[in-house]
Each structure stands twice: as C-alpha cells, then as structure tokens.
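**Student:** File upload_9.cif below, mmCIF, C-alpha atoms (C1' of nucleotides):
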data_structure
#
loop_
_atom_site.label_atom_id
_atom_site.label_comp_id
_atom_site.auth_asym_id
_atom_site.auth_seq_id
_atom_site.Cartn_x
_atom_site.Cartn_y
_atom_site.Cartn_z
CA MET A 65 136.14 32.64 101.50
CA SER A 66 135.21 31.38 104.92
CA ASP A 67 137.42 28.39 104.17
CA LEU A 68 140.47 30.62 104.37
CA SER A 69 139.71 31.49 107.98
CA TRP A 70 139.92 27.83 108.98
CA ASN A 71 143.09 27.12 110.79
CA ALA A 72 142.92 23.47 109.89
CA PRO A 73 139.89 22.15 108.04
CA ILE A 74 139.20 18.62 109.24
CA LEU A 75 137.05 16.09 107.42
CA HIS A 76 135.54 13.19 109.27
CA VAL A 77 134.55 10.53 106.76
CA ASP A 78 132.27 7.78 107.99
CA MET A 79 130.94 4.97 105.81
CA ASP A 80 127.16 4.53 105.99
CA ALA A 81 126.17 1.18 107.58
CA PHE A 82 129.52 -0.10 106.39
CA TYR A 83 129.26 -3.87 106.85
CA ALA A 84 125.67 -3.96 105.63
CA SER A 85 126.49 -1.77 102.62
CA VAL A 86 129.45 -3.93 101.60
CA ALA A 87 127.43 -7.09 102.10
CA THR A 88 124.67 -5.90 99.82
CA ARG A 89 126.44 -3.78 97.22
CA GLU A 90 126.38 -6.60 94.67
CA ARG A 91 123.03 -7.93 95.78
CA PRO A 92 120.33 -5.85 94.05
CA ASP A 93 117.84 -8.34 95.46
CA LEU A 94 118.59 -6.96 98.93
CA ALA A 95 118.32 -3.32 97.97
CA ASP A 96 114.81 -2.91 99.36
CA VAL A 97 115.03 -5.37 102.22
CA PRO A 98 116.04 -4.83 105.86
CA VAL A 99 119.52 -6.30 106.27
CA ILE A 100 121.34 -7.12 109.50
CA VAL A 101 124.97 -8.18 109.72
CA GLY A 102 125.50 -10.08 112.93
CA GLY A 103 126.85 -13.11 114.70
CA GLY A 104 125.39 -16.27 116.08
CA SER A 105 122.70 -16.98 118.61
CA ARG A 106 124.34 -15.08 121.49
CA GLY A 107 125.73 -12.28 119.33
CA VAL A 108 124.87 -8.66 118.71
CA VAL A 109 124.10 -6.58 115.64
CA LEU A 110 127.31 -5.41 113.97
CA SER A 111 125.61 -3.36 111.29
CA ALA A 112 122.11 -2.75 110.01
CA ASN A 113 121.01 -1.03 106.83
CA TYR A 114 118.71 1.96 107.02
CA LEU A 115 115.61 -0.08 106.29
CA ALA A 116 116.32 -2.29 109.29
CA ARG A 117 116.95 0.80 111.41
CA GLN A 118 113.39 1.91 110.73
CA TYR A 119 112.38 -1.03 112.89
CA GLY A 120 114.61 0.12 115.72
CA VAL A 121 117.49 -2.21 114.91
CA ARG A 122 120.82 -0.69 115.95
CA SER A 123 124.44 -1.73 116.26
CA ALA A 124 125.18 -3.62 119.48
CA LEU A 125 121.58 -4.71 119.90
CA PRO A 126 121.29 -8.37 120.91
CA MET A 127 120.48 -10.44 117.83
CA THR A 128 117.53 -12.04 119.58
CA ARG A 129 115.93 -8.64 120.10
CA ALA A 130 116.82 -7.51 116.59
CA ARG A 131 115.09 -10.51 115.05
CA ARG A 132 112.06 -9.86 117.20
CA LEU A 133 111.94 -6.20 116.17
CA CYS A 134 112.35 -7.02 112.50
CA PRO A 135 111.46 -10.61 111.66
CA SER A 136 111.57 -9.88 107.93
CA ALA A 137 115.24 -8.83 108.01
CA VAL A 138 117.82 -10.82 106.10
CA VAL A 139 120.63 -11.74 108.48
CA ILE A 140 124.11 -11.99 107.04
CA ALA A 141 127.23 -13.32 108.76
CA PRO A 142 130.14 -10.84 108.80
CA ASP A 143 132.93 -11.22 106.25
CA PHE A 144 135.85 -9.30 107.68
CA GLU A 145 138.24 -10.13 104.89
CA THR A 146 136.06 -8.29 102.42
CA TYR A 147 135.55 -5.38 104.84
CA LEU A 148 139.32 -5.13 105.25
CA SER A 149 139.95 -5.01 101.54
CA VAL A 150 137.23 -2.42 100.89
CA SER A 151 138.58 -0.41 103.81
CA ALA A 152 142.09 -0.50 102.35
CA SER A 153 140.78 0.75 99.01
CA VAL A 154 138.92 3.59 100.69
CA LEU A 155 142.10 4.49 102.55
CA GLU A 156 143.87 4.82 99.20
CA ASN A 157 141.18 7.27 98.14
CA PHE A 158 141.90 9.29 101.28
CA ARG A 159 145.63 9.26 100.76
CA ARG A 160 145.21 10.71 97.27
CA VAL A 161 143.70 13.75 99.01
CA THR A 162 146.21 14.16 101.83
CA PRO A 163 148.88 12.22 103.72
CA LEU A 164 147.34 13.55 106.96
CA VAL A 165 144.90 10.68 107.45
CA GLU A 166 144.10 9.30 110.88
CA VAL A 167 142.27 6.01 110.60
CA VAL A 168 139.85 5.42 113.47
CA SER A 169 138.48 2.05 112.41
CA LEU A 170 137.66 0.10 109.27
CA ASP A 171 134.92 2.52 108.32
CA GLU A 172 136.01 5.87 109.66
CA ALA A 173 138.87 8.36 109.37
CA PHE A 174 139.88 11.98 109.91
CA LEU A 175 141.57 13.95 107.14
CA ASP A 176 143.41 17.23 107.65
CA VAL A 177 143.00 18.91 104.26
CA ARG A 178 144.71 22.24 104.93
CA GLY A 179 147.46 21.35 102.46
CA SER A 180 145.12 20.13 99.75
CA THR A 181 142.92 23.14 99.00
CA ARG A 182 145.26 24.72 96.47
CA ARG A 183 145.29 21.51 94.45
CA LEU A 184 141.73 20.26 94.97
CA GLY A 185 139.58 23.23 95.91
CA SER A 186 137.70 24.18 99.05
CA PRO A 187 137.31 21.64 101.87
CA ALA A 188 133.63 21.31 100.99
CA ALA A 189 134.54 20.59 97.38
CA ILE A 190 137.04 17.98 98.55
CA ALA A 191 134.32 16.33 100.62
CA ASP A 192 132.08 16.10 97.54
CA GLN A 193 134.89 14.68 95.40
CA LEU A 194 135.70 12.03 97.98
CA ARG A 195 132.11 10.93 98.33
CA ALA A 196 131.76 10.66 94.56
CA VAL A 197 134.96 8.66 94.17
CA ILE A 198 134.11 6.27 96.99
CA HIS A 199 130.63 5.76 95.61
CA ASP A 200 131.92 5.10 92.08
CA GLU A 201 134.87 2.91 93.01
CA GLN A 202 133.58 1.04 96.04
CA GLY A 203 129.86 1.03 95.43
CA ILE A 204 129.02 2.34 98.91
CA THR A 205 128.04 5.69 100.35
CA CYS A 206 129.62 7.69 103.12
CA SER A 207 128.93 10.84 105.09
CA VAL A 208 131.33 13.67 105.79
CA GLY A 209 131.57 16.23 108.57
CA LEU A 210 133.67 19.31 107.95
CA ALA A 211 134.82 21.52 110.81
CA ALA A 212 137.85 23.19 112.30
CA SER A 213 138.35 20.50 114.91
CA VAL A 214 138.29 16.74 115.21
CA SER A 215 135.43 16.52 117.70
CA VAL A 216 133.11 18.87 115.83
CA ALA A 217 133.87 17.20 112.50
CA LYS A 218 132.88 13.90 114.04
CA LEU A 219 129.57 15.25 115.35
CA ALA A 220 128.93 16.87 111.98
CA SER A 221 129.35 13.61 110.06
CA ARG A 222 126.82 11.96 112.33
CA ARG A 223 124.35 14.70 111.48
CA ALA A 224 125.14 14.22 107.79
CA LYS A 225 124.02 10.61 107.69
CA PRO A 226 123.19 8.96 105.51
CA ASP A 227 124.96 9.97 102.33
CA GLY A 228 125.45 13.65 103.08
CA VAL A 229 127.81 16.45 104.11
CA VAL A 230 127.50 18.85 107.04
CA VAL A 231 129.77 21.87 107.29
CA VAL A 232 130.21 23.67 110.61
CA PRO A 233 132.12 26.92 110.07
CA PRO A 234 134.20 28.12 113.04
CA ALA A 235 131.82 30.97 113.83
CA GLN A 236 128.90 28.55 114.20
CA VAL A 237 130.49 25.96 116.45
CA THR A 238 128.65 26.78 119.67
CA ALA A 239 125.36 27.32 117.85
CA PHE A 240 125.81 23.83 116.39
CA LEU A 241 126.96 22.16 119.59
CA HIS A 242 124.81 23.59 122.34
CA PRO A 243 121.41 22.19 121.29
CA LEU A 244 122.81 18.64 121.01
CA ASP A 245 122.20 16.06 123.71
CA VAL A 246 125.16 15.56 126.08
CA GLY A 247 125.21 11.93 124.98
CA GLU A 248 126.61 13.07 121.64
CA LEU A 249 129.88 14.19 123.20
CA TRP A 250 132.89 11.95 122.86
CA GLY A 251 133.37 10.16 126.16
CA VAL A 252 129.73 10.29 127.23
CA GLY A 253 128.20 6.85 127.03
CA GLU A 254 124.97 5.50 128.41
CA LYS A 255 125.94 5.68 132.09
CA THR A 256 127.34 9.18 132.02
CA GLN A 257 124.48 10.43 129.91
CA THR A 258 121.96 9.11 132.42
CA MET A 259 123.87 10.64 135.31
CA LEU A 260 124.14 14.03 133.62
CA HIS A 261 120.47 13.98 132.70
CA ARG A 262 119.60 13.30 136.34
CA LEU A 263 121.61 16.36 137.27
CA GLY A 264 119.51 18.37 134.84
CA LEU A 265 122.30 18.58 132.29
CA VAL A 266 120.53 17.53 129.13
CA THR A 267 122.13 19.50 126.33
CA VAL A 268 125.72 20.29 125.49
CA GLY A 269 124.83 23.90 126.26
CA ASP A 270 123.80 22.92 129.81
CA VAL A 271 127.21 21.30 130.32
CA ALA A 272 128.98 24.31 128.84
CA HIS A 273 127.39 26.69 131.31
CA ILE A 274 128.07 25.01 134.63
CA PRO A 275 131.35 25.50 136.51
CA VAL A 276 134.07 23.01 135.57
CA ARG A 277 134.49 22.12 139.23
CA THR A 278 130.88 20.98 139.46
CA LEU A 279 131.31 18.90 136.36
CA GLN A 280 134.52 17.38 137.67
CA ARG A 281 132.86 16.40 140.92
CA ALA A 282 130.05 14.73 139.00
CA VAL A 283 131.97 12.70 136.44
CA GLY A 284 135.57 12.71 137.64
CA HIS A 285 138.38 15.18 137.17
CA HIS A 286 139.61 14.09 133.79
CA LEU A 287 136.28 13.59 132.06
CA GLY A 288 134.89 16.76 133.61
CA THR A 289 137.72 18.83 132.18
CA GLN A 290 137.36 17.16 128.81
CA LEU A 291 133.60 17.67 128.58
CA HIS A 292 133.92 21.31 129.51
CA HIS A 293 136.33 21.87 126.64
CA LEU A 294 134.35 19.82 124.14
CA ALA A 295 131.14 21.66 125.04
CA TRP A 296 132.79 24.89 123.91
CA GLY A 297 134.32 23.33 120.83
CA ASN A 298 137.80 23.67 122.33
CA ASP A 299 139.56 20.69 120.88
CA ARG A 300 143.27 21.01 120.31
CA ARG A 301 143.61 17.48 119.03
CA VAL A 302 145.57 17.25 115.84
CA ILE A 303 145.49 14.57 113.20
CA VAL A 304 148.08 11.89 113.83
CA PRO A 305 148.74 10.21 110.48
CA ARG A 306 148.59 6.50 111.08
CA ALA A 307 147.40 3.36 109.43
CA GLY A 308 144.81 2.74 112.07
CA PRO A 309 144.18 -0.19 114.33
CA LEU A 310 147.52 -1.76 113.50
CA GLU A 311 149.49 0.44 115.89
CA PRO A 312 151.87 -0.97 118.48
CA GLU A 313 149.44 -2.17 121.08
CA ARG A 314 149.62 -1.89 124.85
CA SER A 315 147.77 -5.13 125.43
CA MET A 316 146.55 -8.14 123.53
CA GLY A 317 143.76 -10.41 124.55
CA ALA A 318 141.01 -12.73 123.49
CA ASP A 319 137.75 -13.68 125.05
CA GLU A 320 134.85 -15.77 123.98
CA THR A 321 131.30 -16.33 125.04
CA PHE A 322 130.40 -19.97 125.52
CA THR A 323 127.59 -21.34 123.41
CA ARG A 324 125.99 -22.33 126.70
CA ASP A 325 126.96 -21.24 130.21
CA THR A 326 129.16 -23.75 131.95
CA ASP A 327 130.56 -24.60 135.39
CA ASP A 328 132.74 -27.45 134.12
CA ARG A 329 136.37 -26.78 135.03
CA GLU A 330 137.59 -29.00 132.21
CA VAL A 331 135.71 -26.96 129.63
CA ILE A 332 136.76 -23.65 131.16
CA VAL A 333 140.43 -24.51 131.44
CA ARG A 334 140.48 -25.89 127.90
CA GLU A 335 139.00 -22.60 126.72
CA LEU A 336 141.66 -20.66 128.64
CA LEU A 337 144.29 -22.68 126.78
CA ARG A 338 142.70 -22.05 123.40
CA LEU A 339 142.51 -18.32 124.06
CA THR A 340 146.05 -18.22 125.44
CA ARG A 341 147.42 -19.92 122.34
CA ARG A 342 145.64 -17.40 120.17
CA VAL A 343 146.94 -14.43 122.17
CA ALA A 344 150.49 -15.72 122.55
CA SER A 345 150.90 -16.49 118.87
CA ARG A 346 149.63 -13.02 117.99
CA MET A 347 152.16 -11.59 120.42
CA ARG A 348 155.01 -13.56 118.88
CA ALA A 349 153.91 -12.56 115.39
CA ALA A 350 153.97 -8.93 116.54
CA GLY A 351 157.32 -9.39 118.28
CA VAL A 352 156.08 -8.30 121.72
CA ALA A 353 156.09 -9.73 125.23
CA GLY A 354 154.18 -8.68 128.33
CA ARG A 355 154.38 -8.92 132.12
CA THR A 356 150.81 -8.76 133.36
CA VAL A 357 148.39 -11.61 132.70
CA THR A 358 144.72 -10.87 133.26
CA ILE A 359 141.80 -13.24 133.10
CA ARG A 360 138.24 -12.12 132.74
CA ILE A 361 135.26 -14.05 133.97
CA ARG A 362 131.70 -13.21 133.11
CA PHE A 363 129.07 -15.05 135.13
CA ALA A 364 125.72 -16.15 133.83
CA ASP A 365 124.13 -13.03 135.36
CA PHE A 366 126.55 -10.89 133.31
CA THR A 367 128.54 -9.61 136.27
CA THR A 368 132.17 -9.54 135.26
CA ILE A 369 135.37 -9.74 137.26
CA THR A 370 139.06 -9.65 136.39
CA ARG A 371 142.05 -11.14 138.15
CA SER A 372 145.59 -10.27 137.21
CA ARG A 373 149.15 -11.11 138.13
CA THR A 374 152.32 -9.33 137.16
CA LEU A 375 155.24 -11.60 136.41
CA SER A 376 158.82 -10.72 137.22
CA GLU A 377 159.63 -10.46 133.56
CA ALA A 378 157.81 -10.15 130.26
CA THR A 379 156.91 -13.31 128.38
CA ASP A 380 155.40 -14.44 125.11
CA VAL A 381 155.53 -18.12 126.05
CA THR A 382 152.20 -19.91 125.77
CA VAL A 383 152.83 -22.22 128.71
CA GLU A 384 153.78 -19.40 131.08
CA ILE A 385 150.74 -17.34 130.23
CA TYR A 386 148.48 -20.37 130.40
CA ARG A 387 149.83 -21.49 133.76
CA THR A 388 149.31 -18.01 135.20
CA ALA A 389 145.80 -17.88 133.77
CA THR A 390 144.78 -21.22 135.28
CA GLN A 391 146.30 -20.29 138.64
CA LEU A 392 144.28 -17.09 138.65
CA TYR A 393 141.18 -19.07 137.75
CA ASP A 394 141.72 -21.74 140.39
CA ALA A 395 142.45 -19.11 143.05
CA LEU A 396 138.88 -17.90 142.63
CA GLY A 397 137.72 -21.20 144.09
CA LEU A 398 134.52 -21.21 142.06
CA GLN A 399 132.29 -24.13 142.76
CA ARG A 400 129.04 -24.13 140.90
CA ALA A 401 129.15 -20.69 139.39
CA ARG A 402 128.04 -20.83 135.79
CA LEU A 403 130.26 -18.87 133.44
CA ARG A 404 129.12 -17.11 130.33
CA LEU A 405 132.54 -15.98 129.09
CA VAL A 406 136.22 -16.28 129.86
CA GLY A 407 139.07 -14.19 128.51
CA VAL A 408 142.84 -13.88 128.66
CA ARG A 409 144.77 -10.66 128.16
CA VAL A 410 148.44 -9.76 128.42
CA GLU A 411 149.30 -6.16 129.28
CA GLY A 412 152.41 -4.06 129.56
CA LEU A 413 153.64 -5.09 126.14
CA VAL A 414 157.20 -4.25 125.17
CA PRO A 415 159.26 -5.24 122.13
CA ARG A 416 160.46 -8.79 122.62
CA ALA A 417 163.97 -7.77 121.68
CA SER A 418 164.10 -5.50 124.75
CA VAL A 419 163.41 -8.36 127.16
CA GLN A 420 166.46 -9.71 128.91
CA ARG A 421 165.48 -13.19 129.95
CA GLN A 422 167.13 -14.21 133.21
CA LEU A 423 167.56 -17.79 132.13
CA VAL A 424 168.24 -20.04 135.02
CA LEU A 425 170.52 -22.84 134.03
CA GLY A 426 168.67 -26.11 133.99
CA GLU A 427 165.32 -24.37 134.32
CA PRO A 428 162.90 -26.67 132.53
CA GLU A 429 161.07 -23.68 131.12
CA HIS A 430 163.49 -22.52 128.55
CA GLY A 431 162.60 -25.16 126.00
CA TRP A 432 159.08 -23.82 125.76
CA ALA A 433 159.93 -20.70 123.80
CA GLU A 434 161.56 -22.81 121.11
CA ALA A 435 158.58 -25.18 121.15
CA ASP A 436 156.27 -22.20 120.58
CA ARG A 437 158.29 -21.09 117.59
CA ALA A 438 158.11 -24.57 116.13
CA VAL A 439 154.34 -24.53 116.58
CA ASP A 440 154.17 -21.10 114.92
CA ARG A 441 156.14 -22.38 111.94
CA ALA A 442 154.02 -25.48 111.59
CA THR A 443 150.83 -23.45 111.88
CA ARG A 444 152.01 -21.15 109.12
CA ARG A 445 152.72 -24.11 106.88
CA PHE A 446 149.87 -26.45 107.62
CA GLY A 447 147.19 -24.34 109.27
CA ALA A 448 145.94 -24.02 112.81
CA ALA A 449 144.32 -27.43 112.88
CA ALA A 450 147.64 -29.18 112.33
CA VAL A 451 149.28 -28.41 115.64
CA GLY A 452 147.97 -28.25 119.15
CA PRO A 453 148.01 -29.75 122.60
CA ALA A 454 146.20 -33.04 122.93
CA SER A 455 143.39 -31.46 124.94
CA LEU A 456 142.47 -29.35 121.94
CA LEU A 457 142.55 -32.04 119.29
CA GLY A 458 139.33 -32.04 117.38
CA SER A 459 138.11 -28.83 118.95
CA SER A 460 139.73 -26.30 116.64
"C1'" DT B 48 118.37 -18.62 125.17
"C1'" DC B 49 119.04 -10.41 126.06
"C1'" DT B 50 123.42 -8.22 126.12
"C1'" DG B 51 130.39 -9.81 120.92
"C1'" DG B 52 135.11 -9.02 120.79
"C1'" DG B 53 138.91 -6.01 120.19
"C1'" DG B 54 140.89 -2.48 122.66
"C1'" DT B 55 142.01 2.27 125.69
"C1'" DC B 56 141.99 5.11 129.64
"C1'" DC B 57 140.70 6.62 134.37
"C1'" DT B 58 139.96 6.01 139.33
"C1'" DA B 59 140.98 4.47 143.76
"C1'" DG B 60 143.15 2.01 147.46
"C1'" DG B 61 147.07 -0.31 149.42
"C1'" DA B 62 152.03 -1.41 149.50
"C1'" DC B 63 156.34 0.36 149.49
"C1'" DC B 64 160.12 3.62 149.28
"C1'" DC B 65 162.61 7.80 150.28
"C1'" DT C 202 152.33 6.62 171.65
"C1'" DC C 203 148.36 9.74 166.21
"C1'" DT C 204 148.28 12.05 161.56
"C1'" DG C 205 153.96 13.79 156.63
"C1'" DG C 206 153.95 13.58 151.73
"C1'" DG C 207 155.15 12.42 147.27
"C1'" DG C 208 155.95 8.99 143.63
"C1'" DT C 209 155.49 4.46 141.69
"C1'" DC C 210 153.74 -0.09 141.20
"C1'" DC C 211 150.08 -3.37 141.51
"C1'" DT C 212 145.30 -4.80 141.49
"C1'" DA C 213 140.28 -4.40 140.48
"C1'" DG C 214 136.58 -2.26 138.57
"C1'" DG C 215 134.24 0.53 135.37
"C1'" DA C 216 133.21 3.44 131.42
"C1'" DC C 217 133.84 4.14 126.79
"C1'" DC C 218 134.87 3.56 121.72
"C1'" DC C 219 134.39 0.99 117.25
#
In structure tokens, write the structure found in this file.

**Tutor:**
Amino acid sequence: MSDLSWNAPILHVDMDAFYASVATRERPDLADVPVIVGGGSRGVVLSANYLARQYGVRSALPMTRARRLCPSAVVIAPDFETYLSVSASVLENFRRVTPLVEVVSLDEAFLDVRGSTRRLGSPAAIADQLRAVIHDEQGITCSVGLAASVSVAKLASRRAKPDGVVVVPPAQVTAFLHPLDVGELWGVGEKTQTMLHRLGLVTVGDVAHIPVRTLQRAVGHHLGTQLHHLAWGNDRRVIVPRAGPLEPERSMGADETFTRDTDDREVIVRELLRLTRRVASRMRAAGVAGRTVTIRIRFADFTTITRSRTLSEATDVTVEIYRTATQLYDALGLQRARLRLVGVRVEGLVPRASVQRQLVLGEPEHGWAEADRAVDRATRRFGAAAVGPASLLGSS
DNA sequence: TCTGGGGTCCTAGGACCC
DNA sequence: TCTGGGGTCCTAGGACCC
C-alpha cells in the first residue's frame, strides 16, 4: 500500500565486496579465509571480503598496511576482464526488470522501478527477486536500498550490507537520515567531514538545522546548497538510463606510479611517452580530440602539481601531445626532485570529426596523424609489443 | 618501501573583451 | 590621476567518487 504513495521507487543495487566475491566464488577453499584483491607493492586494496574487514582492512588502504593488519589474508591480483563480464551479466538481470537503469560503476546501479510494479510486484518484492536471481546466476550476493530518491536509496543500500535490503518509506526519510554521520552524505569526503565535525556538525541532522548560508560559507556555495538539500532528503535527481562508464568522456588520461621514485629525466620522459601513446590511441579509438594537455607530477613526499597548456586546436596526434607534455615538464626546471608518479591527460574532448585542422602547407606535422593510424592498425593486428618508438623497445 | 588509477566538478585569480 | 561590471577563457589546485 505504501508503495503506491511512492512517486518513483528507486532501487540502489550494490554488489557485496564485488572483486573479492567474484575472485572467490569458485574457490570453496577461500570461503573461510580473509581475502584481499589488490595491486603490487605500492598499490592499495581494491576489495576485501568481510572476513578481512574484521581486521580493519578496507578499500583504498595501502597494501603494506593491509598485510600488516591481516597477515593471514590471501592476496589476489585483480582480473578486470572477469569483473567486466560478470558486471555485464548483472546488468542484463537489471534490464529484465526495467529499462531505467543508471550504471554507476562495475558493481553498482540505480533502477527506477515505477513501471515494473504491475508486472513484478512491489518494489520490495522486486528487490528480493533481483537478489535471488543474481545470487543464483552469478554466484555472488548484493545489497539493495529502496527509497523514493537516488541519494536515500544509496544510503539505504549501505545500511543493508552485506546481503540485505533496507527500505526507507517517504514518511521516514528524515528519521532515517538525521542520525547518520555527515560523512555518509554524497560529496562529503574525509576533508569535509573533518571540517564539519570541527564546526560541531556531526550528524546529518546537525547539518539540516543550520542556515544554508552558514553551510555555504563553510564548505563553498555549491556544496553547501547540495548538502542542505540532501540532509532533508530533497533530491530531485532522476535516473538517466545509460550503460555506465562508457559515456562520451570530457577528458582522457593515464598516470602511473613508478616502482621506485626517480629523478632521472630519461626515465621520466620515456614514461611520459608511454602514457601519451596509451592516451592518444584511446582517444583515436573513441574518435575524439582535445585541446588542453595536462601533466601531473607527484613528488616523493606525495605533494602533487599539475601543469597544463591549451593548444590552438584539438589534437589526437601522439607526437603533438607528447611534445606538449615534455615542454610542460621541462618548464618546471626540476633538478633533483624525486618523482613518485607522472601522468598525462587531455581535456576538452570533442568529436574528431568536428575538428577543422588548419593544415599549413608543407608543415612537417601533418604526416604524424597518418603515422598514428598506421601504428593503431599494426597494434590491432600484432599487439602492443609489435610497434613503438625505439626508446620504448623492450619496455612494453 | 604508506597512500592506485580512472575520472568529474568546483573554486579562485588573472587576462581580456565589450 | 582610483575603484565599473559582466562574461569567458585559461591555469592551478583541491575535493570527491568508484
């Protein structure tokens, strides 16, 4: 009955410890063992099963700390191909419920089920069906939050974990929200949480009851407005059906942490070239070009700077992006600074077809675009190791 | 051997233009 | 012989999300 009063019942479906669950679903030997999915020596935890979490292991924790907290954990390298395929199967399960699916990431999506209740039953019944189907077909569990808005549904699913459902009827939204810590709100990370706590704003209810202007002064105009609305459950966001992270992007980039910090210009510049090739070929595959080239430098002490330059016209040409990146790097005039990470990003992406190249006759540049396409073709046929500048031979 | 890699959005100051 | 005021673009930094 109460379901009928819901303007738009929203489900937020969130896989439980997704990477770890997928990694262990056919490994009964790991069922009762702490499991961590994570990268190499300088990496972070990508996913941890609930046994590992009992030791304090969390996503984004440095692997070194995670191993210290839980020496008995089995550490597994991520296998994104498998995650992608499981994720695609789960998405099919969603689409059988409703076409109004907004994919957030590989392991998370919002479903607007207002059009599905006649066929499938109440929103709560739909949540149960989905969890059963995903468990039976994919061998993993998920949690579901059900509410009348996107933001509350998301908070509800978090409270449902693991392997549960939490329903927040419209009349109970503020009673549900106000006791929560401000850090639970979308847009409040570690920094903002700390700042709000220092101001004596600990719960969502605290934030709800101070004047918007005060909030805006504390955290900025935009975020202040947003938090005020979220604290009262005012969330007009609607589900935008989309396939997820494969949307037309505004920027593309790549960065990589060195195995060891380095101050060697040769090594750094070679890395800039490797990253640029990766980014540029992704851009060409996506049919986009961009005008602003940004490099990112992270020093050994973790301080991070960016330097960018906007070109007169958009490009997807490896050599142009690379030249800009190295010029930006050299302009820093670093001497003995040890770098932990470098990155290259191209912003202001537009469809390549919309770029009118002002080709100057005799300009030596205009052969490079064709060279890139030849490299792309060869890479598709023979693999990435087959083609590359001499400075990268043997390194890829 | 503390702290990945892919992104998005906001803020703020200066340049520049009308 | 002080100050305008928008709007837009560019750059840099920072916070956040998954």

**Student:** Written as an NGL selection string, what is the full residue list that the PyMOL selection byres ((chain A) within 10 of (chain B)) yields on the file shown?

**Tutor:** :A and (102-110 or 124-129 or 284-287 or 309 or 313-321 or 323-324 or 366)

**Student:** Selected residues, C-alpha atoms, written as a short mmCIF file (atom, residue, chain, number, x, y, z; two decimals), in the coordinates of the input, please.

**Tutor:**
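Output (part37.cif):
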data_model
loop_
_atom_site.label_atom_id
_atom_site.label_comp_id
_atom_site.auth_asym_id
_atom_site.auth_seq_id
_atom_site.Cartn_x
_atom_site.Cartn_y
_atom_site.Cartn_z
CA GLY A 102 125.50 -10.08 112.93
CA GLY A 103 126.85 -13.11 114.70
CA GLY A 104 125.39 -16.27 116.08
CA SER A 105 122.70 -16.98 118.61
CA ARG A 106 124.34 -15.08 121.49
CA GLY A 107 125.73 -12.28 119.33
CA VAL A 108 124.87 -8.66 118.71
CA VAL A 109 124.10 -6.58 115.64
CA LEU A 110 127.31 -5.41 113.97
CA ALA A 124 125.18 -3.62 119.48
CA LEU A 125 121.58 -4.71 119.90
CA PRO A 126 121.29 -8.37 120.91
CA MET A 127 120.48 -10.44 117.83
CA THR A 128 117.53 -12.04 119.58
CA ARG A 129 115.93 -8.64 120.10
CA GLY A 284 135.57 12.71 137.64
CA HIS A 285 138.38 15.18 137.17
CA HIS A 286 139.61 14.09 133.79
CA LEU A 287 136.28 13.59 132.06
CA PRO A 309 144.18 -0.19 114.33
CA GLU A 313 149.44 -2.17 121.08
CA ARG A 314 149.62 -1.89 124.85
CA SER A 315 147.77 -5.13 125.43
CA MET A 316 146.55 -8.14 123.53
CA GLY A 317 143.76 -10.41 124.55
CA ALA A 318 141.01 -12.73 123.49
CA ASP A 319 137.75 -13.68 125.05
CA GLU A 320 134.85 -15.77 123.98
CA THR A 321 131.30 -16.33 125.04
CA THR A 323 127.59 -21.34 123.41
CA ARG A 324 125.99 -22.33 126.70
CA PHE A 366 126.55 -10.89 133.31
#

**Student:** Provide the CA of Leu398 (chain A) to CA of Arg355 (chain A) distance in Å, to one decimal place.

**Tutor:**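 Separating CA of Leu398 (chain A) from CA of Arg355 (chain A) is a distance of 25.4 Å.
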
**Student:** Evaluate the PyMOL selection byres ((chain A and resi 163) around 12) here and jot the selected residues down as a VMD selection string.

**Tutor:** chain A and resid 155 to 162 164 to 167 174 to 180 303 to 307

**Student:** Kindly export the residues of the current selection with C-alpha atoms, as a compact mmCIF listing (two decimals), keeping the file's coordinate frame.

**Tutor:**
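See selection_25.txt below for the written result:
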# COMPACT_ATOMS: atom_id res chain seq x y z
CA LEU A 155 142.10 4.49 102.55
CA GLU A 156 143.87 4.82 99.20
CA ASN A 157 141.18 7.27 98.14
CA PHE A 158 141.90 9.29 101.28
CA ARG A 159 145.63 9.26 100.76
CA ARG A 160 145.21 10.71 97.27
CA VAL A 161 143.70 13.75 99.01
CA THR A 162 146.21 14.16 101.83
CA LEU A 164 147.34 13.55 106.96
CA VAL A 165 144.90 10.68 107.45
CA GLU A 166 144.10 9.30 110.88
CA VAL A 167 142.27 6.01 110.60
CA PHE A 174 139.88 11.98 109.91
CA LEU A 175 141.57 13.95 107.14
CA ASP A 176 143.41 17.23 107.65
CA VAL A 177 143.00 18.91 104.26
CA ARG A 178 144.71 22.24 104.93
CA GLY A 179 147.46 21.35 102.46
CA SER A 180 145.12 20.13 99.75
CA ILE A 303 145.49 14.57 113.20
CA VAL A 304 148.08 11.89 113.83
CA PRO A 305 148.74 10.21 110.48
CA ARG A 306 148.59 6.50 111.08
CA ALA A 307 147.40 3.36 109.43

**Student:** Do you have the CA of Leu405 (chain A)-CA of Ile140 (chain A) distance handy?

**Tutor:**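 According to the coordinates, CA of Leu405 (chain A) and CA of Ile140 (chain A) are separated by 23.9 Å.
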
**Student:** Since I can't run it myself right now, could you work out what the PyMOL selection byres ((chain A and resi 151) around 12) selects here and report it as an MDAnalysis selection string?

**Tutor:** chainID A and resid 78:79 82:83 86 144:150 152:158 167:173 198 201:202 204 307:309

**Student:** Could you work out how far CA of Asp143 (chain A) lies from CA of Val352 (chain A), giving the answer in Å with one decimal?

**Tutor:**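 It comes out at 28.0 Å.
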
**Student:** Region 218-228 of chain A: which residues within 7 Å, counting all atoms listed in the file, same-chain residues fewer than 4 positions away excluded, as JSON, numbers by chain?

**Tutor:** {"A": [76, 77, 78, 80, 205, 206, 207, 208, 209, 210, 214]}

**Student:** Could you give me region 216-225 of chain A completed to N, CA and C atoms, formatted as a tab-separated table (two decimals), keeping the file's coordinate frame?

**Tutor:**
chain	number	residue	atom	x	y	z
A	216	VAL	N	134.27	18.30	116.52
A	216	VAL	CA	133.11	18.87	115.83
A	216	VAL	C	132.90	18.20	114.47
A	217	ALA	N	134.00	17.89	113.78
A	217	ALA	CA	133.87	17.20	112.50
A	217	ALA	C	133.15	15.87	112.68
A	218	LYS	N	133.50	15.20	113.77
A	218	LYS	CA	132.88	13.90	114.04
A	218	LYS	C	131.37	14.04	114.29
A	219	LEU	N	131.01	15.04	115.09
A	219	LEU	CA	129.57	15.25	115.35
A	219	LEU	C	128.86	15.66	114.07
A	220	ALA	N	129.55	16.41	113.23
A	220	ALA	CA	128.93	16.87	111.98
A	220	ALA	C	128.65	15.70	111.05
A	221	SER	N	129.57	14.74	110.97
A	221	SER	CA	129.35	13.61	110.06
A	221	SER	C	128.15	12.79	110.52
A	222	ARG	N	127.97	12.71	111.82
A	222	ARG	CA	126.82	11.96	112.33
A	222	ARG	C	125.52	12.63	111.87
A	223	ARG	N	125.52	13.95	111.92
A	223	ARG	CA	124.35	14.70	111.48
A	223	ARG	C	124.17	14.63	109.96
A	224	ALA	N	125.20	14.26	109.25
A	224	ALA	CA	125.14	14.22	107.79
A	224	ALA	C	124.56	12.93	107.26
A	225	LYS	N	124.42	11.95	108.14
A	225	LYS	CA	124.02	10.61	107.69
A	225	LYS	C	122.54	10.53	107.32
